[in-house]
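Novice: There's a structure below that I have some questions on.
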There are 4 protein chains.
Amino acid sequence: MINVAIVGASGYTGLELIRLLLRHPEVEITCITSRQNAGSSVSSVFPTLLDRIDLIFDPVDIDFIFTALPHKAAMEVVPGFLQAGKKVVDLSADYRLRDVAVYEQWYQPHSSPELVAEAAYGLPEIFRSRIRGARLVANPGCYPTSVALALAPLIKNELIDLDSLIVDSKSGASGAGRSAKLGSLYCEVNEGFKAYGVGAHRHTPEIEQTLGHLAGKPVVVSFTPHLLPINRGILSTCYATLTEPRLTGELVKLFQDYYRDEKFVRIHPEGELPNVAFVRGSNYCNIGLVSDPRTGRVIVVSVIDNLLKGASGQAVQNMNLMQGWDEGLGLEDLPLYP
Amino acid sequence: MINVAIVGASGYTGLELIRLLLRHPEVEITCITSRQNAGSSVSSVFPTLLDRIDLIFDPVDIDFIFTALPHKAAMEVVPGFLQAGKKVVDLSADYRLRDVAVYEQWYQPHSSPELVAEAAYGLPEIFRSRIRGARLVANPGCYPTSVALALAPLIKNELIDLDSLIVDSKSGASGAGRSAKLGSLYCEVNEGFKAYGVGAHRHTPEIEQTLGHLAGKPVVVSFTPHLLPINRGILSTCYATLTEPRLTGELVKLFQDYYRDEKFVRIHPEGELPNVAFVRGSNYCNIGLVSDPRTGRVIVVSVIDNLLKGASGQAVQNMNLMQGWDEGLGLEDLPLYP
Amino acid sequence: MINVAIVGASGYTGLELIRLLLRHPEVEITCITSRQNAGSSVSSVFPTLLDRIDLIFDPVDIDFIFTALPHKAAMEVVPGFLQAGKKVVDLSADYRLRDVAVYEQWYQPHSSPELVAEAAYGLPEIFRSRIRGARLVANPGCYPTSVALALAPLIKNELIDLDSLIVDSKSGASGAGRSAKLGSLYCEVNEGFKAYGVGAHRHTPEIEQTLGHLAGKPVVVSFTPHLLPINRGILSTCYATLTEPRLTGELVKLFQDYYRDEKFVRIHPEGELPNVAFVRGSNYCNIGLVSDPRTGRVIVVSVIDNLLKGASGQAVQNMNLMQGWDEGLGLEDLPLYP
Amino acid sequence: MINVAIVGASGYTGLELIRLLLRHPEVEITCITSRQNAGSSVSSVFPTLLDRIDLIFDPVDIDFIFTALPHKAAMEVVPGFLQAGKKVVDLSADYRLRDVAVYEQWYQPHSSPELVAEAAYGLPEIFRSRIRGARLVANPGCYPTSVALALAPLIKNELIDLDSLIVDSKSGASGAGRSAKLGSLYCEVNEGFKAYGVGAHRHTPEIEQTLGHLAGKPVVVSFTPHLLPINRGILSTCYATLTEPRLTGELVKLFQDYYRDEKFVRIHPEGELPNVAFVRGSNYCNIGLVSDPRTGRVIVVSVIDNLLKGASGQAVQNMNLMQGWDEGLGLEDLPLYP
């Protein structure tokens with residue numbers, strides 16, 4: 001049983017962390033902070049927690065810390081937490097990119113570059129052993145998680161042309177956070193659909209970093225995110241040219257083998273494809289695929305709940321690894337459907 | 001640890017029962033039947049269950065049975081299950097109305113009227129002791145659950161004029177089930193809202209039965225259901241004339257006292273009202289209220305997830321009581337928000 | 001052909017006015033103002049208007065003016081427009097309540113009380129003759145429009161007990177306007193439903209004023225608004241006790257007679273009830289009703305598009321009357337379904 | 001003024017045709033047929049038309065005919081209509097593919113192959129002159145319309161590598177029609193998102209036919225449709241490798257020039273991209289694009305309302321051309337937002 005703090009819990013990611021940790025058998029939440037809600041009771045800000053928590057948003061210190069802050073705000077506090085001997089899972093982008101120059105090109109100057117090399121990139125299915133020993137884990141972005149899991153088996157097995165990668169992703173509105181912006185209003189999102197950040201989204205270098213790691217050489221992708229009129233969920237449609245013809249069934253088998261021991265990756269049988277609704281409220285990533293002989297391309301479709309496998313669920317999975325616990329502890333929830 | 005069957009699990013209620021029971025520590029699901037999906041694997045019909053269940057829809061027998069069938073179909077099989085010595089929670093309307101004549105007026109002839117008297121009405125907050133000893137529990141309708149919990153404290157304490165009751169309820173689309181009907185199509189429901197069954201909905205006598213039981217005399221209500229463009233949730237807005245003036249705070253306190261020991265009823269503090277989203281995916285009923293001195297009326301607003309406290313969650317709560325287990329076993333889920 | 005200005009056109013009501021007036025055969029929009037978008041082109045703020053308008057938001061003066069400002073901001077500019085000899089349709093609440101004391105009780109001090117008596121209340125179906133001669137029309141609120149049209153035939157014919165009125169209304173999210181507020185975010189509204197302003201909504205005195213005018217004596221109502229997860233539409237469910245029993249068919253006939261010459265009020269035949277989707281994008285108010293002999297109450301359901309008959313459409317209807325034109329000019333749009 | 005029939009008007013496309021033609025100044029609808037609604041009044045099936053039409057669904061004959069039937073059903077009646085001297089716009093797929101062998105490979109045997117060569121493909125922006133003289137127009141599919149307009153300027157100007165085309169499309173639920181299917185239920189579509197028909201959708205050869213016509217040689221594309229939880233709208237994200245580097249601004253200018261005289265194609269300025277909500281309820285196709293120097297690809301995003309430019313609106317545009325009228329007659333509606 002350890003004491004856990006959530007720093008910056010005013011948004012959907014923070015709420016999701018609270019929801020997961022309240023039922024985690026090895027964890028007690030002893031501190032939740034939020035600059036903007038300081039002094040309020042947690043359940044008055046998040047009425048779903050009524051009668052389930054009686055903490056006040058309060059800035060104190062603790063053993064294990066989740067930082068659910070925006071990038072830049074995170075790197076202002078993380079070094080101090082580490083110096084004080086705490087373990088940290090940081091949900092921001094600040095420690096994800098191993099090349100500080102790339103970080104500074106897509107974000108802004110980095111104030112603790114020395115920690116970048118130390119941080120483990122928290123995608124357990126690919127970097128599990130590094131995460132186990134880490135005191136700082138950079139929790140991956142939502143889009144990069146959905147893409148890396150979709151393409152890893154193909155890249156690792158050298159089955160696709162690395163110059164041909166196109167990723168067309170679609171995310172629910174909670175991905176934009178809980179701050180009051182015109183573009184996030186109900187009437188602006190509902191009954192609408194749009195692409196954004198075309199050719200310029202900050203998750204692009206993060207995707208390329210993981211795919212490049214798998215390939216053993218630099219990879220460049222076209223990545224286009226879109227805004228879906230749903231609360232939760234990301235679906236990524238990934239296109240790649242096969243280096244030689246492969247049947248769908250053959251590739252499905254390959255994915256099943258690759259992820260055989262993974263608790264949170266589920267491969268759909270041939271002929272079935274995932275729907276974002278199939279993982280809502282769970283830590284799963286579901287993957288389905290089709291090999292198209294007309295074009296010589298394989299199309300891989302992956303889905304995650306952006307607040308779980310795309311953020312807070314994966315953060316808890318990382319904590320479980322860092323603490324040497326069962327990796328799935330507190331993450332047993334089945335998807336909520338409909 | 002007992003073996004459990006779900007009879008008629010082709011719809012949303014059946015899926016929700018499976019989701020709850022798969023994680024219930026005292027239960028093993030050993031049989032799931034569905035006439036229309038006979039021979040299919042459960043996870044091919046409900047892909048959210050991929051890798052979590054490998055049963056085939058299969059018509060066999062067992063110890064404890066949930067019947068998730070339409071009314072009329074339920075009473076064809078329930079008597080046989082009881083004769084075979086099984087305990088049954090019936091989610092249909094067939095054993096809810098204690099007056100067979102009323103049942104036959106609103107539904108159709110009853111084929112096992114002798115069991116009606118024996119069945120316990122499965123609303124634990126009001127009929128807990130009867131449920132504990134029962135071998136047949138009639139699981140309440142979704143609307144009646146939301147209304148009975150909203151009005152019980154006022155009626156029990158004789159604070160309102162029983163001739164003044166008006167209930168305006170709104171339900172999400174999963175309440176209409178999972179059968180392919182024109183009126184349930186996405187484009188017919190989305191961006192729409194309508195009243196239906198005005199003055200004629202079959203849940204009316206069920207509501208009146210429970211309120212009449214609480215009042216100790218017959219009660220007549222105006223009940224108007226509406227169809228909400230959301231997946232899950234019922235919100236009931238209940239209007240009643242106070243017999244004498246009461247402040248909102250006074251009434252909130254009364255509700256808090258009345259439900260002090262109830263795990264699944266949560267009362268909002270004065271000034272706060274519930275949103276259906278505050279209980280999504282949980283077995284809670286949240287209640288808020290306002291006393292309006294201008295009109296002398298009290299307005300009580302209650303919300304439930306129609307598939308949980310309004311159906312499958314309450315069914316599991318009833319099973320827990322019938323088995324002598326902790327009433328909340330397997331029902332610890334927090335609401336999923338957003 | 002007249003020149004028209006829209007003052008304060010940064011929100012959904014303003015956009016809807018532009019959409020209607022761009023196709024109105026007797027109108028040229030020559031000025032659109034918006035403090036917050038000053039200097040921007042109208043089509044960059046509202047991309048639906050791309051290639052259809054090339055005005056810049058620009059604060060100049062004109063002949064006929066629609067003020068689409070918040071209350072309080074409206075009364076700061078309306079007196080000046082009238083002094084300059086312009087006709088004004090004001091879409092705010094500032095000139096709707098004829099009793100300045102009531103206005104000041106529900107809003108704030110009034111800076112031009114002398115104009116309150118002059119202003120015509122712009123509900124053509126009830127106050128047509130006053131509107132025709134007016135230079136200042138107070139365009140009604142959205143909820144009050146839906147309620148007044150639903151209850152006018154019953155009150156005018158003295159068929160209901162005036163002490164029994166309960167109005168349960170539900171509005172789409174565009175009713176909350178286009179400003180960035182936490183409560184209007186997609187994830188806060190979608191898959192949710194709640195009551196708000198219970199016993200305290202500012203449209204209550206406006207509803208009571210019109211119903212009182214029809215009754216010839218003061219009327220008090222219980223009015224409860226709710227927030228619907230749709231873009232457009234209001235549905236009001238109105239309950240009243242009949243002074244003596246009436247069949248549904250009898251009352252439907254009464255409504256049809258009452259509104260026989262009204263272009264924008266449509267009565268559903270017995271057995272059919274309106275859906276908000278049946279009027280989306282049109283200036284119609286659809287009404288259906290049921291007489292319930294069990295309770296002695298009549299339930300009237302009305303629907304409007306809150307941006308059309310509930311705001312901008314009615315404003316154009318009022319302009320048409322003030323100008324002596326055909327009342328339906330520019331308002332011929334059929335509902336968009338689905 | 002001509003008399004017009006709509007054959008097979010039981011779905012959303014039929015309703016949309018009625019909505020458009022009721023306000024078309026040169027058209028009288030004199031016959032509407034629907035096998036499944038025979039004998040019903042049109043406004044009882046489509047309550048949005050209450051008080052606006054008093055036809056009965058009735059199988060009679062006429063001058064100009066829209067066939068809104070499924071493929072296969074259309075080719076059973078179209079030859080007879082032509083023999084009787086009528087002009088026909090067929091909204092089905094039966095006369096779209098000029099190569100009968102291709103049609104038979106993706107659909108089923110063709111019963112009137114002799115008419116295939118005669119039929120004009122009804123995409124006015126590309127085949128206007130052929131449509132003008134035609135007595136049979138095959139109205140294009142919704143996806144193919146969105147894709148052809150997005151890519152025509154690039155292909156016509158030989159700016160892209162034809163082997164690199166990937167089209168990722170997303171459609172609202174009305175594209176699936178109005179028949180009662182499990183997959184079209186509200187709870188199955190709402191809060192969900194999925195790909196379908198991957199590598200196998202029947203619009204693929206239709207897309208390839210038009211692009212091949214523009215290129216002057218065969219073209220093969222990867223086409224992946226997805227189901228969006230909205231009522232109306234298609235957004236297509238199209239990827240192509242540029243044969244040589246081009247700036248975004250350069251390409252936007254090229255698109256503006258290419259479509260300069262087109263009333264229904266609107267090009268967004270550089271830095272702005274379309275949202276499906278920007279064309280809802282209108283006959284517009286909006287297009288935006290980005291050239292990405294990192295990957296050497298251009299990404300073109302186009303949006304249409306699938307029931308208007310993707311079906312009924314384009315059908316009216318084709319009728320206007322066939323009759324020698326102004327091409328935009330009856331299609332002046334501005335988008336409805338929000």
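Starting from 1 in every chain, residues are counted up; chains themselves are A, B, ... following the order of the structure tokens, and ligands are numbered from 1 as listed.
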Given a cut-off of 6 Å, which residues of chain A touch chain D, counting only C-alpha atoms, written out as a list in words?

Specialist: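 Per the criterion, chain A yields Cys187, Glu191, Gly192, Phe193, Lys194, Gly199, Ile230, Asn275, Val276, Ala277, Asp292 and Pro338 of chain A.
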
Novice: Write the residues you've just listed into a file as a PDB file, in the first residue's frame, and include N, CA, C and O atoms for each of them.

Specialist:
```pdb
ATOM      1  N   CYS A 187     -21.973  22.930 -29.450  1.00  0.00           N
ATOM      2  CA  CYS A 187     -22.543  23.219 -30.775  1.00  0.00           C
ATOM      3  C   CYS A 187     -21.483  23.315 -31.865  1.00  0.00           C
ATOM      4  O   CYS A 187     -21.807  23.247 -33.047  1.00  0.00           O
ATOM      5  N   GLU A 191     -22.390  17.107 -34.407  1.00  0.00           N
ATOM      6  CA  GLU A 191     -22.810  17.097 -35.808  1.00  0.00           C
ATOM      7  C   GLU A 191     -21.743  17.684 -36.731  1.00  0.00           C
ATOM      8  O   GLU A 191     -22.050  18.079 -37.856  1.00  0.00           O
ATOM      9  N   GLY A 192     -20.494  17.736 -36.255  1.00  0.00           N
ATOM     10  CA  GLY A 192     -19.402  18.213 -37.080  1.00  0.00           C
ATOM     11  C   GLY A 192     -18.289  17.186 -37.137  1.00  0.00           C
ATOM     12  O   GLY A 192     -18.310  16.162 -36.431  1.00  0.00           O
ATOM     13  N   PHE A 193     -17.307  17.440 -37.975  1.00  0.00           N
ATOM     14  CA  PHE A 193     -16.125  16.591 -38.098  1.00  0.00           C
ATOM     15  C   PHE A 193     -15.120  17.360 -38.925  1.00  0.00           C
ATOM     16  O   PHE A 193     -15.473  17.960 -39.937  1.00  0.00           O
ATOM     17  N   LYS A 194     -13.876  17.384 -38.481  1.00  0.00           N
ATOM     18  CA  LYS A 194     -12.864  18.151 -39.192  1.00  0.00           C
ATOM     19  C   LYS A 194     -11.471  17.571 -38.954  1.00  0.00           C
ATOM     20  O   LYS A 194     -11.238  16.896 -37.950  1.00  0.00           O
ATOM     21  N   GLY A 199      -0.172  18.042 -41.013  1.00  0.00           N
ATOM     22  CA  GLY A 199       1.246  18.202 -41.287  1.00  0.00           C
ATOM     23  C   GLY A 199       2.015  18.879 -40.173  1.00  0.00           C
ATOM     24  O   GLY A 199       3.215  19.123 -40.301  1.00  0.00           O
ATOM     25  N   ILE A 230     -17.577  12.548 -30.295  1.00  0.00           N
ATOM     26  CA  ILE A 230     -17.831  11.568 -29.232  1.00  0.00           C
ATOM     27  C   ILE A 230     -17.002  12.015 -28.028  1.00  0.00           C
ATOM     28  O   ILE A 230     -16.068  12.809 -28.171  1.00  0.00           O
ATOM     29  N   ASN A 275     -14.237  -1.015 -33.377  1.00  0.00           N
ATOM     30  CA  ASN A 275     -15.004   0.211 -33.264  1.00  0.00           C
ATOM     31  C   ASN A 275     -14.496   0.880 -31.984  1.00  0.00           C
ATOM     32  O   ASN A 275     -14.214   0.178 -31.007  1.00  0.00           O
ATOM     33  N   VAL A 276     -14.378   2.206 -31.963  1.00  0.00           N
ATOM     34  CA  VAL A 276     -13.917   2.841 -30.720  1.00  0.00           C
ATOM     35  C   VAL A 276     -14.792   2.456 -29.537  1.00  0.00           C
ATOM     36  O   VAL A 276     -14.328   2.410 -28.398  1.00  0.00           O
ATOM     37  N   ALA A 277     -16.060   2.170 -29.800  1.00  0.00           N
ATOM     38  CA  ALA A 277     -16.981   1.825 -28.714  1.00  0.00           C
ATOM     39  C   ALA A 277     -16.626   0.487 -28.066  1.00  0.00           C
ATOM     40  O   ALA A 277     -17.081   0.198 -26.968  1.00  0.00           O
ATOM     41  N   ASP A 292      -4.864  -5.600 -48.802  1.00  0.00           N
ATOM     42  CA  ASP A 292      -5.621  -5.321 -50.027  1.00  0.00           C
ATOM     43  C   ASP A 292      -4.775  -5.654 -51.262  1.00  0.00           C
ATOM     44  O   ASP A 292      -3.893  -4.871 -51.628  1.00  0.00           O
ATOM     45  N   PRO A 338     -23.720  -0.186 -24.440  1.00  0.00           N
ATOM     46  CA  PRO A 338     -23.443   0.971 -25.301  1.00  0.00           C
ATOM     47  C   PRO A 338     -23.193   2.188 -24.382  1.00  0.00           C
ATOM     48  O   PRO A 338     -23.395   2.113 -23.198  1.00  0.00           O
TER      49      PRO A 338
END
```

Novice: Might you pull out every residue within 12 Å of Glu104 of chain C, with only C-alpha atoms counted and same-chain residues fewer than 3 positions away left off, and present them as a ChimeraX atom specification?

Specialist: /C:71-72,93-101,107-113,202,205

Novice: Just list the residues in segment 29-259 of chain B DSSP gives strand (DSSP E) on the backbone, as JSON, numbers by chain.

Specialist: {"B": [29, 30, 31, 32, 33, 64, 65, 66, 67, 87, 88, 89, 90, 120, 121, 136, 137, 138, 166, 167, 168, 169, 170, 171, 194, 195, 222, 223, 224, 225, 226, 227, 234, 235, 236, 237, 238, 239, 240, 241]}

Novice: Quick one: residues within 7 Å of segment 119-136 of chain A, only C-alpha atoms counted, chain neighbours fewer than 3 positions away excluded, as a PDB file with N, CA and C atoms, in the first residue's frame?

Specialist:
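As a result, out-v5.pdb now contains:
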```pdb
ATOM      1  N   LYS A  87       8.980   8.746  -6.970  1.00  0.00           N
ATOM      2  CA  LYS A  87       8.832   8.234  -8.322  1.00  0.00           C
ATOM      3  C   LYS A  87       7.731   9.032  -9.026  1.00  0.00           C
ATOM      4  N   VAL A  88       7.908   9.263 -10.317  1.00  0.00           N
ATOM      5  CA  VAL A  88       6.962  10.109 -11.047  1.00  0.00           C
ATOM      6  C   VAL A  88       6.546   9.468 -12.366  1.00  0.00           C
ATOM      7  N   VAL A  89       5.241   9.433 -12.624  1.00  0.00           N
ATOM      8  CA  VAL A  89       4.736   9.224 -13.986  1.00  0.00           C
ATOM      9  C   VAL A  89       4.220  10.570 -14.459  1.00  0.00           C
ATOM     10  N   TYR A  95       8.885  14.833 -21.236  1.00  0.00           N
ATOM     11  CA  TYR A  95      10.022  13.900 -21.218  1.00  0.00           C
ATOM     12  C   TYR A  95       9.865  12.771 -22.221  1.00  0.00           C
ATOM     13  N   ARG A  96       9.020  12.975 -23.232  1.00  0.00           N
ATOM     14  CA  ARG A  96       8.778  11.906 -24.206  1.00  0.00           C
ATOM     15  C   ARG A  96       9.806  11.846 -25.327  1.00  0.00           C
ATOM     16  N   LEU A 115      17.309  15.301 -17.599  1.00  0.00           N
ATOM     17  CA  LEU A 115      16.398  14.224 -17.200  1.00  0.00           C
ATOM     18  C   LEU A 115      15.805  13.488 -18.395  1.00  0.00           C
ATOM     19  N   VAL A 116      15.891  14.093 -19.577  1.00  0.00           N
ATOM     20  CA  VAL A 116      15.300  13.488 -20.766  1.00  0.00           C
ATOM     21  C   VAL A 116      15.911  12.118 -21.039  1.00  0.00           C
ATOM     22  N   ASN A 139       4.754   9.307 -19.796  1.00  0.00           N
ATOM     23  CA  ASN A 139       3.580   8.594 -20.292  1.00  0.00           C
ATOM     24  C   ASN A 139       3.289   9.042 -21.734  1.00  0.00           C
ATOM     25  N   PRO A 140       3.137   8.099 -22.677  1.00  0.00           N
ATOM     26  CA  PRO A 140       3.011   8.466 -24.091  1.00  0.00           C
ATOM     27  C   PRO A 140       1.758   9.259 -24.412  1.00  0.00           C
ATOM     28  N   ASN A 318       1.925   1.759 -15.942  1.00  0.00           N
ATOM     29  CA  ASN A 318       3.334   2.085 -15.709  1.00  0.00           C
ATOM     30  C   ASN A 318       3.679   2.081 -14.211  1.00  0.00           C
ATOM     31  N   LEU A 321       4.155  -1.432 -13.061  1.00  0.00           N
ATOM     32  CA  LEU A 321       5.470  -1.957 -13.456  1.00  0.00           C
ATOM     33  C   LEU A 321       6.574  -1.384 -12.570  1.00  0.00           C
ATOM     34  N   MET A 322       6.546  -0.092 -12.336  1.00  0.00           N
ATOM     35  CA  MET A 322       7.583   0.562 -11.536  1.00  0.00           C
ATOM     36  C   MET A 322       7.600   0.029 -10.105  1.00  0.00           C
TER      37      MET A 322
END
```

Novice: List every residue of segment 39-217 of chain A that DSSP, applied to the backbone of this structure, places in helix (DSSP H, G or I), and write the result as a PyMOL selection string.

Specialist: chain A and resi 42-45+47-49+73-83+100-106+113-116+124-132+142-156+162-164+173-176+182-184+186-189+203-215

Novice: For a quick check of understanding, using only C-alpha atoms, which of C:Val45, C:Ile56, C:Cys142, C:Leu50 has the smallest distance to His268 of chain D?

Specialist: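 Ranked by minimum distance to His268 of chain D, first place goes to C:Leu50.
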